[in-house]
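Enquirer: Here it is: the structure, laid out below.
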Protein chains: 4
Amino acid sequence: LTNTTSDARSARVTEVVVFGASGYSGLELLDILARHPAVRVVAASSDRWAGEEVAERLRAWPTGLRFAPHAEVLEATRPGQVALLAMPAEGSAELAPALLERGLRVIDLSGAFRLRDPAAYEAWYGFRHPAPGLLDEAVYGLPELFEVPADARLVANPGCYATATILACAPLLAHHLLVPGSPLVADGKSGVTGAGRSVKEELMFPEVQENLRAYRVGRHQHTPEVEQALEEVSGRAVRLSFTAHLIPMRRGILVSVYAPLHRGVGAADVERAYRETLGGRPFIAWVDRPPETALVRGTNFVELHAQVDARTRTVCAFAAIDNLGKGAAGQAVQNLNVLLGLPEGTGLLPGVSADG
Amino acid sequence: LTNTTSDARSARVTEVVVFGASGYSGLELLDILARHPAVRVVAASSDRWAGEEVAERLRAWPTGLRFAPHAEVLEATRPGQVALLAMPAEGSAELAPALLERGLRVIDLSGAFRLRDPAAYEAWYGFRHPAPGLLDEAVYGLPELFEVPADARLVANPGCYATATILACAPLLAHHLLVPGSPLVADGKSGVTGAGRSVKEELMFPEVQENLRAYRVGRHQHTPEVEQALEEVSGRAVRLSFTAHLIPMRRGILVSVYAPLHRGVGAADVERAYRETLGGRPFIAWVDRPPETALVRGTNFVELHAQVDARTRTVCAFAAIDNLGKGAAGQAVQNLNVLLGLPEGTGLLPGVSADG
Amino acid sequence: LTNTTSDARSARVTEVVVFGASGYSGLELLDILARHPAVRVVAASSDRWAGEEVAERLRAWPTGLRFAPHAEVLEATRPGQVALLAMPAEGSAELAPALLERGLRVIDLSGAFRLRDPAAYEAWYGFRHPAPGLLDEAVYGLPELFEVPADARLVANPGCYATATILACAPLLAHHLLVPGSPLVADGKSGVTGAGRSVKEELMFPEVQENLRAYRVGRHQHTPEVEQALEEVSGRAVRLSFTAHLIPMRRGILVSVYAPLHRGVGAADVERAYRETLGGRPFIAWVDRPPETALVRGTNFVELHAQVDARTRTVCAFAAIDNLGKGAAGQAVQNLNVLLGLPEGTGLLPGVSADG
Amino acid sequence: LTNTTSDARSARVTEVVVFGASGYSGLELLDILARHPAVRVVAASSDRWAGEEVAERLRAWPTGLRFAPHAEVLEATRPGQVALLAMPAEGSAELAPALLERGLRVIDLSGAFRLRDPAAYEAWYGFRHPAPGLLDEAVYGLPELFEVPADARLVANPGCYATATILACAPLLAHHLLVPGSPLVADGKSGVTGAGRSVKEELMFPEVQENLRAYRVGRHQHTPEVEQALEEVSGRAVRLSFTAHLIPMRRGILVSVYAPLHRGVGAADVERAYRETLGGRPFIAWVDRPPETALVRGTNFVELHAQVDARTRTVCAFAAIDNLGKGAAGQAVQNLNVLLGLPEGTGLLPGVSADG
C-alpha cells in the first residue's frame with residue numbers, strides 16, 4: 001500500500017529533487033512528499049544544513065537522506081526528474097534554465113517565472129531577469145483557474161498572498177459583479193513563516209509577539225501577479241491596492257478583499273459566482289461564516305467566504321489558506337500531480353491515491 | 001511628590017468610583033489611576049471578585065481596597081465623585097442615569113451614550129435605549145477632535161476600533177482629500193482583550209492561538225459611531241464598511257483604512273492634513289513607517305501613518321493603539337483630566353503633573 | 001494505493017468508532033485515522049456538534065460522516081468494531097463495560113483503566129470506579145515498555161504527562177542508575193490543548209498568553225500511573241514528585257526529570273541505558289541536544305535526551321512529545337495497530353503500510 | 001507633584017546615564033526612569049540606534065533625548081552621576097572600572113561583578129576577568145537578603161534566574177528546613193527577552209512560537225551566583241542543579257525549585273520560613289496558589305509560593321518575576337533608590353514618593 005512495495009508500482013515512481021530544502025517551504029515540501037505514493041525524493045539541497053540527516057529536522061522522514069550542498073545536488077540531477085525550487089526568486093531565475101537544459105521539469109515556488117513582463121521584475125523584484133525568454137513558456141500553476149498542461153516543462157507556483165487574493169476575487173470578476181474601473185482593495189495578513197527563514201531583528205520572537213503592523217504598503221511584489229491573473233480571468237484591466245500585515249503566528253494567511261458591487265447585485269449572486277467559478281474543485285471550501293486559518297492549517301485547502309455590506313454596496317470577500325500549504329508547498333505538489341497525470345489530491349487528501 | 005502627602009494637595013484629590021472593575025478595561029483603569037496624582041479610587045465594583053483585595057489582581061495596587069458588589073458600590077456613591085463605567089452597554093445605560101441623579105459625573109466606557117440617534121441602539125446594539133433623553137447631553141470624549149467641556153456631566157468614551165478609525169480618517173475628511181461619496185473601507189484588527197473577559201469557547205487559547213478570522217463583517221456596532229463622528233468632522237454624509245478581525249495577541253488594535261483619493265492629491269497633502277488636524281496633540285504620534293501596536297502598548301498614544309498608493313489612487317491610512325489604553329481606560333483618564341481641569345496627560349505621561 | 005480501492009483490501013478494513021470526537025484528542029484521532037490504510041471510521045460521537053459534518057471541523061475529512069449524539073452512536077455499535085474513547089475518565093469508566101459487552105474492543109484514552117488499584121481512583125480522580133473488575137484485565141498501552149497482546153479487549157492508553165515521564169525515567173530505573181529510595185522529580189510543561197476543550201476563564205486566550213504557572217503541584221492524577229509503570233520496570237518502589245505547568249502554546253509536552261545518580265555512573269552509562277531500553281523502537285528518537293516539542297509536533301515521536309550534571313551528581317532527563325500525538329491520539333492508533341496485527345507505524349509513519 | 005516642578009526638588013534630582021540602552025533591559029530602564037521623581041536620564045548609549053530619538057522607541061519618553069554612541073556617552077560622563085550598565089558581561093567588566101575612575105557610581109545589570117571568585121568567570125562566563133580587584137568591593141544588589149550600603153560605589157544587580165531562585169530558596173535554607181547535603185534542583189522557565197536582543201536563528205518567531213526546550217542544562221552562568229548567595233544565607237555549602245527552559249512568551253520568569261525536606265517539617269514551617277525571611281519587604285508577595293508571571297508583568301514584584309509534597313517529602317517552591325522588572329531593570333532602580341537614600345519603591349510603586 002505504499003510507494004515502495006512492489007515493482008509494478010515503483011515503475012511509476014517519479015524522482016524528485018528539492019532545492020532550498022531548509023527553508024520553511026522546502027521543509028514542508030519534504031514533509032508532504034514523504035507521504036506521497038508516487039514520488040521519491042532523491043536529493044534535498046541546503047548549504048546551511050549540508051551533511052545533516054533530513055530526519056534530524058523532520059522527525060518522521062523515512063529514509064537516511066541527508067541535506068546536500070546546492071552545487072552537488074545540481075550536478076547529480078538527471079533527465080526525467082522533477083525539480084522543486086523553494087529558493088529566493090533571483091536564485092530560481094538562475095537555476096531553472098540550467099535544470100531545464102539538463103532535462104528536468106521544474107516547479108518553481110518563487111516569483112521568478114510568474115510575471116510575463118520582464119520589465120516587471122526590475123520594478124517589483126529589484127533584479128533584471130536573467131532568462132526572460134522562459135517567461136512565456138512558464139505556466140502559472142493555479143489549477144483552479146488556469147489549465148496546467150501535463151507536459152509543461154516549467155510551472156510557476158503562485159505566491160501565497162497571490163493565491164488567496166486571486167481566489168477571493170476571481171469569481172466576482174469572472175461574473176462582472178464589481179463596479180468596473182474601481183480598484184480592488186486587499187488587506188493581507190500573514191503568519192511569520194511567510195517571510196521565510198530569514199534571520200532579521202524585526203522577525204525575532206520578542207519583536208513579533210504581541211505586535212501587529214503593515215508592511216510593503218502598496219508595493220508588495222505579489223500585486224502584479226494578482227493583477228495579471230485577474231485580468232486573464234476577467235478580460236479587463238484590473239488595479240489592486242494590496243497591503244500586507246505581519247501577524248504574530250507561525251502559519252496562515254487571511255486575505256480580506258473589499259470592492260464596490262455593481263448596482264443590483266445581491267448576496268445570492270455573489271454566492272452563485274463562487275460556486276460556478278470554483279465549485280467542485282477538490283481544495284475549495286466555500287463556508288457560510290468568515291474563514292479561519294486554523295481550519296486550513298497543514299492542508300492544501302482554501303476557505304472562501306463573501307458577504308455583501310448592503311449599506312455601503314461593498315462586497316467583503318475572504319480567503320484563508322496555509323501559507324506553506326496552498327500558499328506554497330501544498331500547491332506545488334498539486335501542480336506536480338498534474339504534471340504526473342495523477343489526481344490533484346494525491347498525497348494531499350486522505351483517500352486519494354495515485355491511481356484515482 | 002505624591003497625591004497623598006500634604007493637606008494642600010489632598011484638598012484637590014477627586015474621589016473616583018470604578019464600576020465593572022474586574023473586566024480588562026476596568027482593571028486597566030485601576031492600574032492607571034493608581035499612579036494618578038489627583039484622584040483616589042474609593043470603590044471598585046465587581047460581583048465576580050467581590051471581597052477580594054484589588055492587590056490580589058493588581059500586584060502594585062497601593063491600598064487595601066477590595067472589590068465590592070455592584071449594588072453596594074452604587075449605594076455608597078456620593079455627590080461630587082466621578083464614576084467610571086467599564087461595563088456592557090446595556091448595564092451602563094441603566095446605571096448612568098442613577099449615578100447622575102445621585103450627583104456624580106459619569107465617564108462611560110461602553111457604547112451606551114455614544115450614538116445620538118436612539119433608534120440606532122436597536123439596530124446596532126440590540127436593545128431599546130432606556131434613557132434616550134441623555135443621548136443629547138452626552139459628550140463624545142475624543143478630545144483630539146471634539147471639545148469636551150470641563151463641566152460635562154456625562155462623557156461617552158469612544159470605542160476602541162472607533163477611536164483608531166476616526167483618528168485615521170478625520171484628517172483626510174476634514175481636508176476633503178477623498179473622492180466624495182465613495183465609502184471608506186476600514187479593516188480592523190484587534191487583540192483578544194478587546195472582546196472583554198467573556199468566557200466563550202471561541203476565545204479559548206487553543207482556538208485563538210495560531211488562528212486568524214474576521215468577525216461582524218459589515219455590522220460591527222462601532223460603525224455608526226465612526227460615521228457620526230466623521231460626519232461631524234467633514235460636514236458631509238460618510239459611509240463606512242468596517243470589518244473586525246481577531247488577532248492572536250492580548251492587546252493592541254491596528255486599523256487599516258483604504259479610500260480613493262481625490263485627483264491631484266499627493267503624499268505631501270496627505271501628511272499636511274494629518275499635521276494640521278492632529279499635530280501638537282499630546283498623544284498623537286505621526287510616524288513615517290507603518291505603525292506598530294507594540295510601540296503604543298501600555299500607553300495612551302496613537303501611532304498614525306498614511307501612504308498614497310499612486311497606482312490605484314488609494315490612500316492607505318493606519319492607526320495603532322492599545323485597545324485598553326487609548327481604546328478604553330487611557331482615553332477615559334484623559335477625559336477625566338479634562339473634567340477635572342487638569343492637563344490631559346496627567347497620570348498618563350511621565351513628566352506631566354496635576355499642576356501642569 | 002489506498003484503503004478504499006479494491007475488494008481485496010476492504011476485506012481487511014476494520015470499523016472504528018470514536019467516542020468524544022469533538023475534543024482535541026478526538027479530533028486528532030479522526031485526523032490520523034483519515035489517513036490510516038486499514039481502518040474506517042464509521043461513527044464519531046459528539047453531543048456538542050451532533051449533526052455537523054466532520055469535514056466542517058476537519059477540512060480534509062474524506063467522507064460525509066456527521067458527528068452524532070453519544071447515545072445514538074453507542075446504540076449503533078456492532079461486535080468486531082474497535083471503540084476509541086476520547087472522553088473524561090468518569091464517562092469512559094461507565095462506557096467501556098457497555099462496549100465490551102456489546103462485543104467491541106476498546107482503547108480508552110482517559111485515565112479510567114490505567115491504575116490497577118481501585119482505591120486510587122477515589123484518591124486521585126475523585127470518583128469511585130464503577131467497574132473495578134476490569135482494572136486487572138486492562139492492558140497499559142505503552143508498547144515501548146510493556147507488551148500489548150494482539151487479543152487484548154481493553155487497552156488503557158497512557159496519559160500525556162505519564163508517557164513522557166515514564167519514557168524519560170524507565171531506562172535509568174531499568175539499569176539501576178539512580179540512588180535507590182530518592183524520589184524522582186519531574187517538572188512537566190504542557191500546551192493548553194492538554195487541558196481539553198473545557199471552557200474555563202483560566203484557559204481564555206488573554207489569561208494564558210504571556211503567562212506561565214504551575215498547577216496540581218504534587219497531586220496530578222498522572223503521578224500514580226507513572227509510579228505504577230516505573231515500579232513494574234524497576235521491580236522496586238518508586239516515588240515521584242510531579243508538578244505540571246501550563247505553557248502558552250497549543251500543543252506539546254516537555255517533561256524535565258531530575259534525579260540523583262548512583263556514584264560512579266557517567267554520561268556513557270546513561271546513554272547506554274536509553275539505547276538498550278528503548279533503542280530500535282520506531283517512535284523513539286534519542287537526540288544529543290535538549291529535545292524540542294516543535295520537532296515532534298503532529299507526530300507520534302518522542303525526543304529523549306539525558307545529561308549528567310556532574311557537579312551535583314544529578315541526571316537531567318528530558319522527553320518531548322506532542323500531547324495530542326504520542327500523548328493521546330497517536331499512541332492510541334499505535335495501540336490500535338497492535339490490536340489489528342499491523343506494524344506499529346501504520347498510518348503514523350510515512351512509508352509504513354498495512355502490509356509491512 | 002512631579003520631579004520637574006520646583007527648585008527645591010530639582011536640587012535633589014540625580015543625573016543618570018544608561019549604557020546599553022537599546023537592549024530589552026536598557027529600554028525597560030528608560031521606561032521606568034521616565035517616571036522616577038528623583039532622577040534625570042542625561043544620556044542613553046546605543047551604537048545600534050545612535051542618533052535616533054528615544055521617543056521613537058519608547059512612545060511616552062518625555063524629552064528630546066537621543067541615543068548616542070557608546071564612546072561619546074562615556075566621554076561625557078561626570079562625577080556624581082550614576083551609571084546603569086545594561087550590557088553583556090564582558091563589556092561591563094571593561095567599562096565599570098573606567099566609570100568608577102571618572103567618579104561615577106555604577107549599577108551593573110550584567111554578571112560581571114556578581115561572583116567573588118575571579119576564576120569562576122573563566123569557568124562560567126568564558127572570559128578572564130579584567131578587573132578582579134573590584135569583585136570584593138562590588139555589592140550584590142538583592143536588598144531583600146543582603147544589605148546594600150547607601151555609599152556603595154559598585155552594585156552588581158542580580159541575574160534574572162538568580163533573583164527568582166535565590167528568593168525561592170533562601171527561606172528554606174535560612175531556616176534549615178532541607179535535608180543537608182542534598183542538591184537543590186531548580187527548573188527555570190523564561191520568556192525570550194531574557195536572551196537579550198540577540199539576532200539568532202533559534203530566537204526567530206517561527207522557531208520559538210509553539211515550541212519549548214531546555215538549554216544550558218547544568219551549566220547556566222547563574223548557577224554559581226545562586227550558590228554563592230545561598231551559602232551566605234545558610235552558612236553552609238550549597239549545590240544547585242539548574243536547568244533553563246525557553247518559553248514562547250516575551251517576558252516573565254518562573255523558577256520551580258524542588259528539594260528534600262527535613263523529617264518533621266510541615267507546611268506551616270515552610271510558610272513561616274518565608275514570612276520570617278521575606279515578610280514585610282515591599283516587593284515580596286507570598287501567595288497561596290502557584291505564582292503567575294502575568295501577575296508580576298511590568299512590576300518589580302516577586303510572587304512566592306511553596307508547597308509540601310508529603311508523599312515524597314519534597315518541598316516545591318515557586319518564584320515568578322518579570323525578567324525585565326525584578327529580574328533586571330526594576331531591581332536596578334530599587335538598588336538605585338538605596339544608593340540615593342530613597343524609599344526602595346520610589347518610581348516603582350504607585351504612592352511611594354521620593355520623600356517617603
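Here's how to read the names in the C-alpha cells: chain A, B, ... by the order shown, residue numbers from 1 in each chain, ligand numbers from 1 in the order shown.
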Please find the residues of chain A near chain D - the criterion being any atom within 10 Å, counting only C-alpha atoms - and write them as a PyMOL selection string.
Expert: chain A and resi 24+191-210+248-251
Enquirer: Tell me, as a ChimeraX atom specification, which residues lie within 9 Å of range 237-242 of chain D, counting only C-alpha atoms; anything in the same chain fewer than 4 positions away does not count.
Expert: /C:258,309,311-314,316 /D:180-188,216-220,222-224,226-228,230-232
Enquirer: Taking only range 118-352 of chain C into account, list the residues labelled strand (DSSP E) by DSSP (computed from the backbone), as a ChimeraX atom specification.
Expert: /C:139-140,154-156,184-190,213-215,240-246,253-260,284-286,302-309,314-321
Enquirer: Which residue, B:Pro171, B:Phe19, B:Ala150, B:Pro69, has the smallest gap to Arg272 in chain B when you use only C-alpha atoms?
Expert: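 The closest residue to Arg272 in chain B is B:Pro171.
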Enquirer: Using only C-alpha atoms for the distances, tell me which of B:Ala162, B:Ala267, B:Leu30, B:Leu178 is nearest to Thr243 in chain B.
Expert: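 Of the candidates, the smallest distance to Thr243 in chain B is held by B:Ala162.
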Enquirer: Determine which residues of range 10-73 of chain C receive a DSSP assignment of helix (DSSP H, G or I), computed from the backbone, and state them as a PyMOL selection string.
Expert: chain C and resi 10+24-34+54-57+70-73
Enquirer: As a ChimeraX atom specification, please: the residues near range 174-176 of chain A (cut-off 10 Å, only C-alpha atoms, same-chain neighbours under 2 positions excluded).
Expert: /A:169-172,178-180,230-236,261-262,265,269-270,272-274,276-277
Enquirer: Extract, using only C-alpha atoms, all DNA, RNA and protein residues at most 12 Å from Glu101 in chain B, discarding same-chain residues fewer than 2 positions from it, and format them as a PyMOL selection string.
Expert: chain B and resi 74+77-80+94-99+103-106+134+153-154
